[in-house]
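Note sheet for the following structure.
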Amino acid sequence: MKIVKRLADILVSLFALILLSPLLLVVSLISLLKQGKPVCIGQERYGKDAKVIKVLKFRTMRNDAPTVASAEIKAKYITKWGAVLRKTSIDELPQLFNVLKGDMSLVGPRPLIVQEEEIHELRLKEGIYQVRPGITGLAQINGRDECTNEEKTYYDKKYIQKMSPLFDLKILFGTVLPVIMRKDIRQ
């Protein structure tokens with residue numbers, strides 16, 4: 001199962017990066033013109049085995065913004081262009097490089113920023129860090145930012161228990177509509 005999942009991650013992320021390269025280039029150029037450098041950031045987040053990894057994202061906030069969970073970020077820190085990237089989830093696309101590298105998977109529990117201590121403790125207790133974090137996950141199709149920490153941990157545990165290639169496909173396809181509809185996004 002692990003080898004199949006990793007192979008699928010490599011093939012799909014590589015294909016997606018090739019297919020989306022014009023979009024990534026355009027977004028990078030617009031970001032550079034509208035916000036300046038850096039275009040992308042590497043956020044410290046918890047990966048597999050609770051090791052800290054750098055998760056790539058297009059920068060959506062001012063350079064002086066604090067590092068907090070997206071549900072807690074104040075709108076004043078988000079740039080106008082960054083708001084567009086967040087609403088469309090385009091800011092997450094550079095994470096395909098994290099998947100290719102092996103720090104992340106396409107599907108799995110979302111990687112927490114290191115400042116999210118309460119949910120980090122819940123995940124430690126439930127053994128959530130035994131799998132790679134994902135670009136999308138079960139919590140993202142069941143409430144996203146509207147889920148409590150307990151609910152997110154519940155969905156993360158449920159994902160690990162039911163993890164399979166077919167379940168991953170279900171979650172991937174289940175992610176499309178909430179992203180298009182901009183459902184359950186706070187900032």
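Labels for the structure tokens follow display order: chains A, B, ..., residues from 1 in each chain, ligands from 1.
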Residues within 12 Å of A:Gln130, please, as a compact mmCIF listing (two decimals) with N, CA and C atoms, in the first residue's frame. Count only C-alpha atoms; anything in the same chain fewer than 3 positions from it doesn't count.
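That gives us part_18.txt:
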```
# COMPACT_ATOMS: atom_id res chain seq x y z
N LYS A 2 1.90 1.30 0.85
CA LYS A 2 2.74 2.49 0.95
C LYS A 2 3.47 2.77 -0.37
N TYR A 46 4.31 20.47 10.70
CA TYR A 46 4.62 19.11 11.12
C TYR A 46 4.36 18.12 9.99
N GLY A 47 5.35 17.28 9.74
CA GLY A 47 5.22 16.24 8.73
C GLY A 47 5.10 14.87 9.38
N LYS A 48 5.47 13.86 8.61
CA LYS A 48 5.42 12.49 9.11
C LYS A 48 6.32 12.36 10.33
N ASP A 49 5.88 11.57 11.30
CA ASP A 49 6.59 11.36 12.56
C ASP A 49 6.81 12.65 13.34
N ALA A 50 5.96 13.65 13.08
CA ALA A 50 5.99 14.97 13.74
C ALA A 50 7.29 15.73 13.51
N LYS A 51 8.00 15.38 12.45
CA LYS A 51 9.21 16.12 12.08
C LYS A 51 8.80 17.40 11.36
N GLY A 108 -3.97 13.16 2.83
CA GLY A 108 -3.55 12.84 4.19
C GLY A 108 -3.98 13.95 5.11
N PRO A 109 -3.70 13.86 6.38
CA PRO A 109 -4.02 14.96 7.29
C PRO A 109 -3.28 16.23 6.87
N ARG A 123 -3.22 15.23 17.93
CA ARG A 123 -2.69 14.35 16.89
C ARG A 123 -1.62 13.41 17.45
N LEU A 124 -0.80 13.91 18.35
CA LEU A 124 0.19 13.03 18.96
C LEU A 124 -0.48 11.88 19.70
N LYS A 125 -1.53 12.20 20.47
CA LYS A 125 -2.25 11.17 21.22
C LYS A 125 -2.90 10.13 20.32
N GLU A 126 -3.36 10.56 19.17
CA GLU A 126 -4.10 9.67 18.26
C GLU A 126 -3.22 9.00 17.20
N GLY A 127 -1.93 9.28 17.21
CA GLY A 127 -1.02 8.63 16.26
C GLY A 127 -1.19 9.10 14.82
N PRO A 133 1.60 14.03 5.72
CA PRO A 133 0.48 14.98 5.59
C PRO A 133 0.11 15.14 4.12
N ASP A 156 -8.90 12.93 10.76
CA ASP A 156 -7.54 12.45 10.48
C ASP A 156 -7.40 10.98 10.88
N LYS A 157 -7.92 10.64 12.05
CA LYS A 157 -7.84 9.25 12.53
C LYS A 157 -8.67 8.32 11.64
N TYR A 159 -9.35 8.78 8.54
CA TYR A 159 -8.63 8.62 7.27
C TYR A 159 -7.58 7.51 7.40
N ILE A 160 -6.80 7.55 8.45
CA ILE A 160 -5.75 6.55 8.64
C ILE A 160 -6.34 5.14 8.72
N GLN A 161 -7.48 5.01 9.39
CA GLN A 161 -8.13 3.71 9.52
C GLN A 161 -8.66 3.19 8.19
```
Spatial neighbours of A:Ser105, max dist 10 Å, only C-alpha atoms, sep filter under 5 positions, as a PDB file with C-alpha atoms, in the first residue's frame:
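Final output, saved to part_14.pdb:
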```pdb
ATOM      1  CA  LYS A   5       0.563   5.466  -2.615  1.00  0.00           C
ATOM      2  CA  ARG A   6       4.067   6.920  -3.006  1.00  0.00           C
ATOM      3  CA  ALA A   8       0.820   7.518  -7.297  1.00  0.00           C
ATOM      4  CA  ASP A   9       1.942  10.667  -5.457  1.00  0.00           C
ATOM      5  CA  ILE A  10       5.048  10.967  -7.646  1.00  0.00           C
ATOM      6  CA  SER A  13       2.250  15.441  -8.764  1.00  0.00           C
ATOM      7  CA  GLN A  95       2.882  21.889  -2.337  1.00  0.00           C
ATOM      8  CA  LEU A  96       3.002  19.587  -5.359  1.00  0.00           C
ATOM      9  CA  ASN A  98       6.550  18.839  -1.435  1.00  0.00           C
ATOM     10  CA  VAL A  99       4.668  15.768  -2.671  1.00  0.00           C
ATOM     11  CA  LEU A 100       7.278  15.097  -5.343  1.00  0.00           C
ATOM     12  CA  ARG A 110      -3.254  18.626   6.514  1.00  0.00           C
ATOM     13  CA  VAL A 131       1.419   9.038   7.741  1.00  0.00           C
ATOM     14  CA  ARG A 132       2.610  11.828   5.481  1.00  0.00           C
ATOM     15  CA  PRO A 133       0.484  14.980   5.594  1.00  0.00           C
ATOM     16  CA  GLY A 134      -1.568  15.766   2.503  1.00  0.00           C
ATOM     17  CA  ILE A 135      -2.501  18.658   0.278  1.00  0.00           C
ATOM     18  CA  THR A 136      -6.080  17.608   0.959  1.00  0.00           C
ATOM     19  CA  GLY A 137      -7.647  15.292   3.472  1.00  0.00           C
TER      20      GLY A 137
END
```
Check your understanding: Between A:Gln43, A:Ser28, A:Asn142, A:Ser164, which one has atoms that come closest to A:Pro66, using only C-alpha atoms?
Key ->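 Distance minimum relative to A:Pro66 lands on A:Gln43.
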Practice item. Please give the complete set of residues from chain A that DSSP, run on the backbone, assigns to strand (DSSP E), formatted as a ChimeraX atom specification. Key: /A:40-46,52-58,105-107,134-136
Check your understanding: Which neighbours of A:Ile30 fall inside 12 Å, counting only C-alpha atoms, when residues of the same chain fewer than 2 positions from it are skipped, and could you give them as a list of chain:residue names?
Key ->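 Answer for this query is A:Leu23, A:Leu24, A:Leu25, A:Val26, A:Val27, A:Ser28, A:Leu32, A:Leu33, A:Lys34, A:Gln35, A:Gly36, A:Lys37, A:Val39, A:Phe58, A:Arg59, A:Thr60, A:Lys80, A:Trp81, A:Gly82, A:Val84, A:Leu85.
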Go ahead and write the selection's residues with C-alpha atoms as a PDB file, in the first residue's frame.
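Okay, result-v2.pdb is ready:
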```
ATOM      1  CA  LEU A  23      -0.513  28.745 -14.378  1.00  0.00           C
ATOM      2  CA  LEU A  24       2.308  28.531 -11.827  1.00  0.00           C
ATOM      3  CA  LEU A  25       4.469  30.804 -14.001  1.00  0.00           C
ATOM      4  CA  VAL A  26       1.689  33.380 -14.482  1.00  0.00           C
ATOM      5  CA  VAL A  27       0.809  33.384 -10.767  1.00  0.00           C
ATOM      6  CA  SER A  28       4.504  33.765  -9.897  1.00  0.00           C
ATOM      7  CA  LEU A  32       6.190  39.320  -8.050  1.00  0.00           C
ATOM      8  CA  LEU A  33       4.675  42.415  -9.673  1.00  0.00           C
ATOM      9  CA  LYS A  34       1.911  42.918  -7.091  1.00  0.00           C
ATOM     10  CA  GLN A  35       3.652  41.885  -3.871  1.00  0.00           C
ATOM     11  CA  GLY A  36       7.366  41.732  -4.571  1.00  0.00           C
ATOM     12  CA  LYS A  37       9.633  39.068  -3.143  1.00  0.00           C
ATOM     13  CA  VAL A  39       6.839  34.878  -4.322  1.00  0.00           C
ATOM     14  CA  PHE A  58       2.504  31.142  -2.741  1.00  0.00           C
ATOM     15  CA  ARG A  59       2.829  34.103  -0.400  1.00  0.00           C
ATOM     16  CA  THR A  60      -0.595  35.610   0.323  1.00  0.00           C
ATOM     17  CA  LYS A  80      -5.614  41.756  -2.218  1.00  0.00           C
ATOM     18  CA  TRP A  81      -3.827  39.383  -4.590  1.00  0.00           C
ATOM     19  CA  GLY A  82      -3.283  36.953  -1.727  1.00  0.00           C
ATOM     20  CA  VAL A  84      -7.622  35.788  -4.640  1.00  0.00           C
ATOM     21  CA  LEU A  85      -5.022  33.036  -4.293  1.00  0.00           C
TER      22      LEU A  85
END
```
Check your understanding: Which of these, A:Cys147, A:Ile3, A:Leu112, A:Val107, has the shortest distance to A:Thr175 once you count only C-alpha atoms?
Key ->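 That would be A:Val107, the residue with the smallest distance to A:Thr175.
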